[in-house]
Amino acid sequence: MTPRIKHLSLFSIMMMLLIMVGLIQSWNVALTILNLCLISAIMTLGVNIQWGYAGLFNAGVMGFTALGGLAAILVSVPPVPEAWQAGGSRTILGLCFGGISIGIAVVTWLKTANWGKKRYWLTGAVVAAGYAVMRVTVDPGIAAIEAVEPAKTGFLGGFGLPILFSWLVGGAFAAGAAWVVGKIALGLRSDYLAIATLGISEIIIYFLKNEDWLTRGVKNVNGLARPVPYEIDLQSAVWVQTWAERLGIPVIEASSIVVKLSYAALFLSVLLVVFWLSETALKSPWGRMMRAIRDNEIAASAMGKDITWRHLQVFVLGSAVIGIAGAMLTTLDGQFTPASYQPLRFTFLIWVMVIVGGSGNNLGSVIGGFVIWFFWIEAEPIGLALMDLITAGMDTDSALRHHLMENAAHMRLMTMGLVLLLALRFAPQGLIPEGKR
Amino acid sequence: MTDFLNVLALLSNFAIVPGLAYGSQLALGALGVTLVYGVLRFSNFAHGETMSFGAMATILVTWALQARGISLGPLPTALLALPVGIAITIGLCLVTDRLVYRYYRQEKTQPVTYLIVSVGLMFLLGGLIRFIIGPNDQVFNDGTRFILKAGTFKAMTGLDQGLAIKTSQSITVVTAVIIVCVLFWFLNKTRAGKSMRAYSDNEDLALLSGINPERVVMVTWIITGALACIAGTLYGLDKSYKPFTFLQLLLPIFASAIVGGIGNPFGAIAGGFVIAFSELFVTFAYKKVLAYLLPSGFAPDGLVQLLSTDYKFAVSFMILVIVLLIKPTGLFSGRTL
Amino acid sequence: MSFLIGKEMSAGYGGSDILHTCTIGVEQGEIAVVVGPNGAGKSTAMKAVFGMLPLRKGSVLMGDKDITHLKPQERVRYGMGFVPQNNNVFTSLTVQENLEMGAFIRRDDFSDTLTQVFDLFPVLKEKRSQAAGELSGGQRQQVAVGRALMTQPQVLMLDEPTAGVSPIVMDELFDRIIEIARSGIAILMVEQNAKQALSIADKGYVLVQGSNRYTDTGSALLANPNVRKAFLGG
């Protein structure tokens with residue numbers, strides 16, 4: 001079987017699975033799965049850029065995804081003038097103070113290289129003073145903002161721009177965070193990047209949950225503007241009505257299918273662009289060099305390549321792709337819920353996708369994203385049915401049966417862990433191996 | 001003077017005593033991470049879940065004991081169940097090593113693969129734990145709650161501020177001290193302990209000296225399992241047991257190990273206390289302290305908190321970042337046990 | 001027939017051989033020295049004799065027994081001691097712990113051997129509770145040799161024991177090595193400092209490109225004008 005046929009058959013099987021879901025469950029479910037498959041594939045491409053191209057382990061995919069989500073609300077939500085009036089300028093000013101003091105601290109640190117112990121104290125003092133000034137300025141501002149109709153707004157809002165624009169901004173946010181983390185942790189032991197990304201992603205989530213003035217925190221931001229039409233409008237459109245009639249489905253369902261298809265078209269185009277860019281990059285001299293570094297750091301370093309700098313590039317690029325996908329996800333959801341960011345769903349699952357798909361291979365990443373997301377969603381009904389089957393012989397009110405049924409949901413976690421371990425052990429190449437180029 | 005004593009009581013009650021307990025828990029956790037790093041040369045992401053698993057095992061045994069009406073009087077029954085929990089956790093570590101890690105050791109895989117494998121194991125264990133005991137809070141601390149009650153302290157000293165010491169806090173500190181002493185005795189005085197240090201220091205030379213690496217690895221997992229179970233149980237006794245928290249504990253534990261110099265057991269202990277105290281002092285509300293120390297009328301309105309309590313994990317991250325920037329090898333640099 | 005002999009060994013890394021039917025051996029109580037230019041395969045020959053490199057051809061015999069297929073660890077149990085050139089001490093362990101680790105395979109009481117090593121290297125006794133990493137280069141080499149002696153080997157193999165130490169320390173180390181040989185141990189060593197090493201050697205091997213070029217007693221090699229000219233700098 002030539003690789004081309006193998007790839008084609010893998011993707012056809014995937015499509016057939018989705019069509020089966022459409023026929024058995026409903027087309028709405030199938031399209032929901034498809035849309036998330038597309039977003040997962042983009043995230044997987046981002047991780048693959050870091051892991052497959054350069055061997056960098058990013059344990060904080062969740063954080064970069066959430067930054068994309070933040071971008072979605074900051075770009076699309078209309079500004080809240082009352083909140084801006086109440087404490088906007090004060091808060092912004094305070095944040096500027098914060099930024100300036102970080103700058104001063106960095107300059108102090110750099111300029112005092114030969115001051116010995118005094119260097120630490122001086123920089124520490126600058127940081128402390130800057131932090132104090134920032135807090136004194138910001139705190140009343142934040143309190144004022146959060147007091148503005150907390151049940152409805154209580155935050156600054158965004159810029160009221162089209163939400164599509166946020167996909168780029170999300171990428172930029174994630175890239176910025178990645179630059180800072182990479183600057184700190186790259187060039188040290190590989191474990192440190194993993195630990196640092198794990199840490200930063202937790203902190204980003206805490207930040208989004210607690211900084212109500214910016215994100216409304218756990219009160220969530222609902223009703224984000226859409227890049228595609230609303231169902232209500234479609235239902236009154238003539239073409240949708242005739243189309244629904246011809247297919248013999250209710251207009252409400254038809255409208256929602258149209259919405260999902262439009263999302264799918266948007267996501268697919270982003271996926272294609274990202275895929276094309278990654279493939280081009282991989283085949284370029286830059287990509288060849290990255291893989292050379294991955295396979296033999298010592299030799300590459302001896303050839304005068306600045307490995308840390310190259311790793312930083314790759315890490316920032318990959319994170320940007322993850323950030324774009326994060327913004328897309330929030331766009332699709334139409335709401336921003338910081339509490340929904342779970343490391344399992346947003347870090348671990350993506351890793352399973354990359355490993356199962358085939359690290360280093362972009363096509364593998366895409367198929368990995370599709371397959372794993374599909375089974376992640378479908379595992380729940382399958383798992384429940386399985387548990388039902390296993391416990392069928394037991395008494396209906398048996399405590400064990402009750403316990404097993406209740407905790408069947410956690411089987412998913414276990415299964416995914418097992419899938420990752422088995423894939424790493426028995427098929428480390430993945431569905432579509434990297435291969436020789 | 002009374003003001004000063006009040007401040008001291010206040011700080012002790014809300015920062016120093018909890019910090020000693022939390023620091024001990026972190027230190028025990030970080031010791032496990034650092035031992036695995038020293039011998040097997042990878043950062044074990046599954047360590048948090050191993051702690052959780054150990055605590056769960058202890059809880060299940062505790063329940064069984066309680067159901068039979070067995071208790072330790074004023075002390076928590078969990079202490080009686082702990083040895084069984086330790087045995088189960090050691091079993092888990094040995095089984096995972098046999099089924100998972102040994103293959104990669106024989107293949108001489110890169111450290112980063114171990115990292116991913118341990119992440120996979122982390123989620124597998126997390127799922128297993130939730131499957132067995134459920135995702136909810138479990139309180140299993142019976143026995144006397146306090147050694148010293150705030151009211152008693154106030155009556156004893158006549159201060160306004162109370163100082164309470166929980167039984168679980170003192171048990172944590174005492175156990176940690178005993179465990180650390182035993183561990184250091186083992187590492188420095190016994191043949192097996194010395195061979196572990198030798199292997200961690202120089203693998204090739206250890207082989208030349210006839211040290212059996214599989215045996216060293218086995219001993220390492222046994223100690224790691226015991227440490228993880230004890231750390232997890234103590235944390236659960238002190239706060240409460242919830243599977244979710246152990247994922248969040250991973251960051252402070254790694255930070256402790258790295259601050260002290262990963263691979264260095266002494267550093268892990270120091271790191272644990274550095275992280276614990278920084279966390280508590282940075283998120284401490286200084287309002288009352290200032291009220292005592294400043295002349296009346298100058299007392300602040302706000303809480304005077306450097307960072308809100310929600311960000312306590314950010315503290316370990318900050319410290320981690322500072323260490324990575326200034327001295328990546330840690331305070332007590334060393335790759336070796 | 002020597003007590004320990006690597007006979008007509010061919011071996012190398014990857015595809016090509018570095019050693020070509022190379023033979024080195026040593027008698028009990030004697031010192032054999034392997035010298036030669038850089039890249040002559042001296043260290044490779046040592047590794048081959050110790051089993052750290054599989055032989056493609058040839059054999060290793062010790063006391064007339066074929067040990068070609070034993071792993072290095074098994075050779076240690078069989079009575080061979082090896083001091084690698086680099087990383088030959090446990091830096092974070094104390095001197096005494098280093099020696100104890102050397103005796104790891106011994107289950108009997110090794111305090112006599114410890115006393116012997118301390119008698120041989122008095123400075124180690126002085127610094128017994130100091131971490132080996134804190135010692136000077138020469139003292140480290142003493143720890144390394146002492147560690148290898150703890151198994152009471154019949155053969156001691158040294159890979160450039162004097163690399164990076166001062167001439168005075170080198171003389172001192174050579175004195176100790178002679179002393180060890182006098183106690184009946186066979187010593188096989190590789191040396192950069194060819195002249196000094198050959199002067200204490202009972203037997204010398206000059207290797208060039210993985211083959212034996214000259215083999216003779218140490219003093220004969222020192223006297224050989226061709227050897228002097230080509231390898232000893234006149």
# chains A, B, ... in the order shown; residues from 1 in each chain; ligands from 1
call {"tool": "interface_residues", "arguments": {"of": "chain B", "to": "chain A", "cutoff": "7 Å", "atoms": "only C-alpha atoms", "output": "PyMOL selection string"}}
result
chain B and resi 43+112+117+120-121+123-124+127-128+130-131+134+251+311+314+317+321+324-325
call {"tool": "write_last_selection", "arguments": {"atoms": "N, CA and C atoms", "output": "compact mmCIF listing (two decimals), in the first residue's frame"}}
result
# COMPACT_ATOMS: atom_id res chain seq x y z
N SER B 43 11.69 14.17 34.97
CA SER B 43 10.76 14.80 35.89
C SER B 43 9.45 14.02 35.83
N VAL B 112 12.87 13.21 27.27
CA VAL B 112 11.59 13.87 27.00
C VAL B 112 10.50 12.81 26.74
N VAL B 117 5.56 9.97 28.72
CA VAL B 117 5.04 8.73 29.29
C VAL B 117 4.49 9.01 30.69
N GLY B 120 1.19 10.59 30.45
CA GLY B 120 0.16 9.59 30.15
C GLY B 120 -0.24 8.83 31.39
N LEU B 121 0.75 8.46 32.17
CA LEU B 121 0.50 7.72 33.40
C LEU B 121 -0.28 8.58 34.38
N PHE B 123 -2.51 10.81 33.74
CA PHE B 123 -3.94 10.83 33.44
C PHE B 123 -4.58 9.46 33.66
N LEU B 124 -3.84 8.43 33.36
CA LEU B 124 -4.35 7.08 33.61
C LEU B 124 -4.65 6.92 35.09
N GLY B 127 -7.63 9.03 36.22
CA GLY B 127 -8.90 8.39 35.87
C GLY B 127 -9.19 7.24 36.80
N LEU B 128 -8.19 6.44 37.07
CA LEU B 128 -8.36 5.27 37.95
C LEU B 128 -8.83 5.72 39.33
N ARG B 130 -10.35 8.54 40.21
CA ARG B 130 -11.72 9.05 40.19
C ARG B 130 -12.71 7.92 39.99
N PHE B 131 -12.30 6.93 39.25
CA PHE B 131 -13.17 5.79 39.03
C PHE B 131 -13.42 5.04 40.34
N GLY B 134 -14.24 8.40 43.23
CA GLY B 134 -15.07 9.53 42.81
C GLY B 134 -14.32 10.84 42.91
N LEU B 251 2.74 21.69 40.46
CA LEU B 251 3.58 22.87 40.21
C LEU B 251 4.40 23.27 41.44
N TYR B 311 -4.20 33.40 43.74
CA TYR B 311 -2.97 33.32 42.96
C TYR B 311 -1.86 32.60 43.69
N ALA B 314 0.57 30.97 41.65
CA ALA B 314 1.43 31.85 40.87
C ALA B 314 2.72 32.14 41.63
N PHE B 317 5.21 29.64 40.85
CA PHE B 317 5.69 29.86 39.48
C PHE B 317 6.69 31.00 39.42
N VAL B 321 10.44 30.87 38.17
CA VAL B 321 10.97 31.71 37.10
C VAL B 321 12.24 32.42 37.57
N LEU B 324 15.04 29.94 37.64
CA LEU B 324 15.48 29.57 36.30
C LEU B 324 16.28 30.70 35.66
N LEU B 325 15.89 31.94 35.97
CA LEU B 325 16.59 33.08 35.37
C LEU B 325 17.95 33.28 36.01
call {"tool": "residues_around", "arguments": {"residues": "region 103-118 of chain C", "least_positions_apart": "5", "cutoff": "9 Å", "atoms": "only C-alpha atoms", "output": "ChimeraX atom specification"}}
result
/B:191,195,209-211 /C:76-77,96,98,123-126,146-152
call {"tool": "write_last_selection", "arguments": {"atoms": "C-alpha atoms", "output": "CSV table (one decimal), in the first residue's frame"}}
result
chain,number,residue,atom,x,y,z
B,191,ARG,CA,25.0,0.0,51.4
B,195,SER,CA,24.8,2.5,45.8
B,209,SER,CA,31.7,-1.3,40.3
B,210,GLY,CA,29.1,-4.1,39.9
B,211,ILE,CA,26.1,-2.1,41.1
C,76,VAL,CA,35.2,-7.3,37.6
C,77,ARG,CA,33.9,-10.3,39.5
C,96,GLN,CA,35.7,6.4,51.9
C,98,ASN,CA,34.0,5.8,46.8
C,123,VAL,CA,46.4,11.2,51.8
C,124,LEU,CA,43.2,9.4,51.1
C,125,LYS,CA,43.0,8.4,54.8
C,126,GLU,CA,43.4,12.0,55.7
C,146,GLY,CA,42.0,2.8,45.1
C,147,ARG,CA,38.4,2.2,44.2
C,148,ALA,CA,39.5,-0.3,41.6
C,149,LEU,CA,41.8,-2.0,44.1
C,150,MET,CA,39.0,-2.6,46.5
C,151,THR,CA,37.9,-5.8,44.7
C,152,GLN,CA,41.4,-7.2,45.2
call {"tool": "residues_around", "arguments": {"residues": "region 15-25 of chain C", "least_positions_apart": "3", "cutoff": "8 Å", "atoms": "only C-alpha atoms", "output": "MDAnalysis selection string"}}
result
chainID C and resid 2:12 32 41 44:45 57:58 188 205 209:212
call {"tool": "interface_residues", "arguments": {"of": "chain C", "to": "chain B", "cutoff": "7 Å", "atoms": "only C-alpha atoms", "output": "list of chain:residue names"}}
result
C:Pro72, C:Gln73, C:Asn88, C:Phe90, C:Thr91, C:Ser92, C:Met101, C:Gly102, C:Phe104, C:Ile105
call {"tool": "write_last_selection", "arguments": {"atoms": "C-alpha atoms", "output": "PDB file, in the first residue's frame"}}
result
ATOM      1  CA  PRO C  72      32.604  -5.890  31.934  1.00  0.00           C
ATOM      2  CA  GLN C  73      30.727  -6.369  35.220  1.00  0.00           C
ATOM      3  CA  ASN C  88      36.463   7.821  37.316  1.00  0.00           C
ATOM      4  CA  PHE C  90      31.872   9.437  42.332  1.00  0.00           C
ATOM      5  CA  THR C  91      32.286  13.172  42.857  1.00  0.00           C
ATOM      6  CA  SER C  92      29.460  13.639  45.354  1.00  0.00           C
ATOM      7  CA  MET C 101      31.462   1.354  46.310  1.00  0.00           C
ATOM      8  CA  GLY C 102      34.553  -0.154  44.723  1.00  0.00           C
ATOM      9  CA  PHE C 104      30.330  -3.277  46.234  1.00  0.00           C
ATOM     10  CA  ILE C 105      30.467  -6.801  44.859  1.00  0.00           C
TER      11      ILE C 105
END
call {"tool": "residues_around", "arguments": {"residues": "Ser359 (chain A)", "least_positions_apart": "6", "cutoff": "8 Å", "atoms": "only C-alpha atoms", "output": "mmCIF file with N, CA and C atoms, in the first residue's frame"}}
result
data_model
loop_
_atom_site.group_PDB
_atom_site.id
_atom_site.type_symbol
_atom_site.label_atom_id
_atom_site.label_comp_id
_atom_site.auth_asym_id
_atom_site.auth_seq_id
_atom_site.Cartn_x
_atom_site.Cartn_y
_atom_site.Cartn_z
ATOM 1 N N ASN A 48 2.329 20.043 16.998
ATOM 2 C CA ASN A 48 3.255 19.279 16.162
ATOM 3 C C ASN A 48 4.427 20.142 15.701
ATOM 4 N N TRP A 51 6.590 19.989 18.870
ATOM 5 C CA TRP A 51 7.100 18.669 19.246
ATOM 6 C C TRP A 51 7.706 17.950 18.046
ATOM 7 N N GLY A 52 6.936 17.903 16.958
ATOM 8 C CA GLY A 52 7.401 17.149 15.805
ATOM 9 C C GLY A 52 8.601 17.784 15.124
ATOM 10 N N SER A 365 -0.932 14.759 12.104
ATOM 11 C CA SER A 365 -1.542 15.563 13.151
ATOM 12 C C SER A 365 -3.006 15.802 12.858
ATOM 13 N N GLN A 429 5.463 5.725 15.973
ATOM 14 C CA GLN A 429 5.453 6.470 14.715
ATOM 15 C C GLN A 429 4.098 7.098 14.445
ATOM 16 N N GLY A 430 3.045 6.562 15.037
ATOM 17 C CA GLY A 430 1.713 7.098 14.825
ATOM 18 C C GLY A 430 1.052 6.558 13.575
ATOM 19 N N PRO A 433 3.438 8.012 9.825
ATOM 20 C CA PRO A 433 4.796 8.285 10.303
ATOM 21 C C PRO A 433 5.433 9.465 9.573
ATOM 22 N N GLU A 434 6.447 10.030 10.236
ATOM 23 C CA GLU A 434 7.113 11.198 9.669
ATOM 24 C C GLU A 434 7.751 10.863 8.320
#
call {"tool": "select_by_dssp", "arguments": {"residues": "region 87-209 of chain B", "states": "strand (DSSP E or B)", "output": "list in words"}}
result
Gln138, Phe146, Ile147, Leu148, Ile165 and Lys166 of chain B
call {"tool": "atom_distance", "arguments": {"atom1": "CA of Gly184 (chain C)", "atom2": "CA of Asp159 (chain C)"}}
result
19.7 Å
call {"tool": "residues_around", "arguments": {"residues": "region 177-181 of chain B", "least_positions_apart": "5", "cutoff": "10 Å", "atoms": "only C-alpha atoms", "output": "MDAnalysis selection string"}}
result
chainID B and resid 24 27:28 31 171:172 186:187 226:227 230 265:266 269
call {"tool": "select_by_dssp", "arguments": {"residues": "region 259-332 of chain B", "states": "helix (DSSP H, G or I)", "output": "PyMOL selection string"}}
result
chain B and resi 259-260+265-282+287-293+309-326
call {"tool": "residues_around", "arguments": {"residues": "Ile16 (chain B)", "least_positions_apart": "3", "cutoff": "12 Å", "atoms": "only C-alpha atoms", "output": "PyMOL selection string"}}
result
chain B and resi 7-13+19-23+163-165+169+273-274+276-281+284
call {"tool": "write_last_selection", "arguments": {"atoms": "N, CA and C atoms", "output": "PDB file, in the first residue's frame"}}
result
ATOM      1  N   VAL B   7       1.011  40.435  67.108  1.00  0.00           N
ATOM      2  CA  VAL B   7       1.427  40.253  65.712  1.00  0.00           C
ATOM      3  C   VAL B   7       2.072  38.883  65.541  1.00  0.00           C
ATOM      4  N   LEU B   8       2.900  38.544  66.511  1.00  0.00           N
ATOM      5  CA  LEU B   8       3.590  37.257  66.445  1.00  0.00           C
ATOM      6  C   LEU B   8       2.584  36.109  66.453  1.00  0.00           C
ATOM      7  N   ALA B   9       1.597  36.207  67.336  1.00  0.00           N
ATOM      8  CA  ALA B   9       0.569  35.164  67.413  1.00  0.00           C
ATOM      9  C   ALA B   9      -0.202  35.099  66.100  1.00  0.00           C
ATOM     10  N   LEU B  10      -0.521  36.296  65.588  1.00  0.00           N
ATOM     11  CA  LEU B  10      -1.278  36.373  64.341  1.00  0.00           C
ATOM     12  C   LEU B  10      -0.518  35.694  63.202  1.00  0.00           C
ATOM     13  N   LEU B  11       0.744  36.062  63.082  1.00  0.00           N
ATOM     14  CA  LEU B  11       1.556  35.484  62.009  1.00  0.00           C
ATOM     15  C   LEU B  11       1.722  33.977  62.205  1.00  0.00           C
ATOM     16  N   SER B  12       1.933  33.572  63.455  1.00  0.00           N
ATOM     17  CA  SER B  12       2.100  32.148  63.708  1.00  0.00           C
ATOM     18  C   SER B  12       0.844  31.400  63.307  1.00  0.00           C
ATOM     19  N   ASN B  13      -0.292  31.960  63.706  1.00  0.00           N
ATOM     20  CA  ASN B  13      -1.541  31.253  63.476  1.00  0.00           C
ATOM     21  C   ASN B  13      -1.854  31.106  61.999  1.00  0.00           C
ATOM     22  N   GLY B  19       2.410  27.088  57.456  1.00  0.00           N
ATOM     23  CA  GLY B  19       3.553  27.008  56.547  1.00  0.00           C
ATOM     24  C   GLY B  19       4.447  25.827  56.873  1.00  0.00           C
ATOM     25  N   LEU B  20       4.646  25.575  58.167  1.00  0.00           N
ATOM     26  CA  LEU B  20       5.475  24.428  58.554  1.00  0.00           C
ATOM     27  C   LEU B  20       4.834  23.133  58.068  1.00  0.00           C
ATOM     28  N   ALA B  21       3.515  23.042  58.232  1.00  0.00           N
ATOM     29  CA  ALA B  21       2.830  21.818  57.813  1.00  0.00           C
ATOM     30  C   ALA B  21       2.864  21.686  56.294  1.00  0.00           C
ATOM     31  N   TYR B  22       2.490  22.762  55.608  1.00  0.00           N
ATOM     32  CA  TYR B  22       2.451  22.728  54.148  1.00  0.00           C
ATOM     33  C   TYR B  22       3.853  22.495  53.580  1.00  0.00           C
ATOM     34  N   GLY B  23       4.832  23.169  54.192  1.00  0.00           N
ATOM     35  CA  GLY B  23       6.219  22.996  53.750  1.00  0.00           C
ATOM     36  C   GLY B  23       6.659  21.544  53.889  1.00  0.00           C
ATOM     37  N   LEU B 163      -4.031  31.416  68.820  1.00  0.00           N
ATOM     38  CA  LEU B 163      -3.132  30.572  68.043  1.00  0.00           C
ATOM     39  C   LEU B 163      -3.664  29.153  68.154  1.00  0.00           C
ATOM     40  N   ALA B 164      -4.025  28.593  67.021  1.00  0.00           N
ATOM     41  CA  ALA B 164      -4.557  27.230  67.044  1.00  0.00           C
ATOM     42  C   ALA B 164      -3.576  26.310  66.348  1.00  0.00           C
ATOM     43  N   ILE B 165      -3.350  25.145  66.921  1.00  0.00           N
ATOM     44  CA  ILE B 165      -2.503  24.150  66.262  1.00  0.00           C
ATOM     45  C   ILE B 165      -3.337  22.898  66.060  1.00  0.00           C
ATOM     46  N   GLN B 169      -1.593  19.143  61.733  1.00  0.00           N
ATOM     47  CA  GLN B 169      -0.375  19.921  61.461  1.00  0.00           C
ATOM     48  C   GLN B 169       0.807  19.354  62.231  1.00  0.00           C
ATOM     49  N   PHE B 273      10.063  24.264  51.921  1.00  0.00           N
ATOM     50  CA  PHE B 273       9.730  25.307  52.892  1.00  0.00           C
ATOM     51  C   PHE B 273       9.791  26.695  52.269  1.00  0.00           C
ATOM     52  N   VAL B 274      10.748  26.903  51.361  1.00  0.00           N
ATOM     53  CA  VAL B 274      10.808  28.203  50.679  1.00  0.00           C
ATOM     54  C   VAL B 274       9.487  28.475  49.966  1.00  0.00           C
ATOM     55  N   ALA B 276       6.509  27.018  50.431  1.00  0.00           N
ATOM     56  CA  ALA B 276       5.349  27.089  51.327  1.00  0.00           C
ATOM     57  C   ALA B 276       5.279  28.450  52.017  1.00  0.00           C
ATOM     58  N   PHE B 277       6.412  28.896  52.560  1.00  0.00           N
ATOM     59  CA  PHE B 277       6.372  30.166  53.282  1.00  0.00           C
ATOM     60  C   PHE B 277       6.157  31.345  52.343  1.00  0.00           C
ATOM     61  N   SER B 278       6.773  31.285  51.146  1.00  0.00           N
ATOM     62  CA  SER B 278       6.535  32.396  50.219  1.00  0.00           C
ATOM     63  C   SER B 278       5.060  32.462  49.883  1.00  0.00           C
ATOM     64  N   GLU B 279       4.478  31.304  49.607  1.00  0.00           N
ATOM     65  CA  GLU B 279       3.072  31.283  49.237  1.00  0.00           C
ATOM     66  C   GLU B 279       2.219  31.915  50.332  1.00  0.00           C
ATOM     67  N   LEU B 280       2.480  31.507  51.569  1.00  0.00           N
ATOM     68  CA  LEU B 280       1.634  32.007  52.652  1.00  0.00           C
ATOM     69  C   LEU B 280       1.902  33.472  52.954  1.00  0.00           C
ATOM     70  N   PHE B 281       3.172  33.881  52.928  1.00  0.00           N
ATOM     71  CA  PHE B 281       3.456  35.272  53.274  1.00  0.00           C
ATOM     72  C   PHE B 281       3.040  36.231  52.165  1.00  0.00           C
ATOM     73  N   PHE B 284      -0.718  36.567  52.379  1.00  0.00           N
ATOM     74  CA  PHE B 284      -1.206  36.908  53.726  1.00  0.00           C
ATOM     75  C   PHE B 284      -1.798  38.319  53.722  1.00  0.00           C
TER      76      PHE B 284
END
call {"tool": "atom_distance", "arguments": {"atom1": "CA of Ala30 (chain B)", "atom2": "CA of Phe64 (chain A)"}}
result
27.2 Å
call {"tool": "residues_around", "arguments": {"residues": "region 295-311 of chain A", "least_positions_apart": "3", "cutoff": "10 Å", "atoms": "only C-alpha atoms", "output": "PyMOL selection string"}}
result
chain A and resi 50+53-56+182-183+185-188+286+289-292+314-317
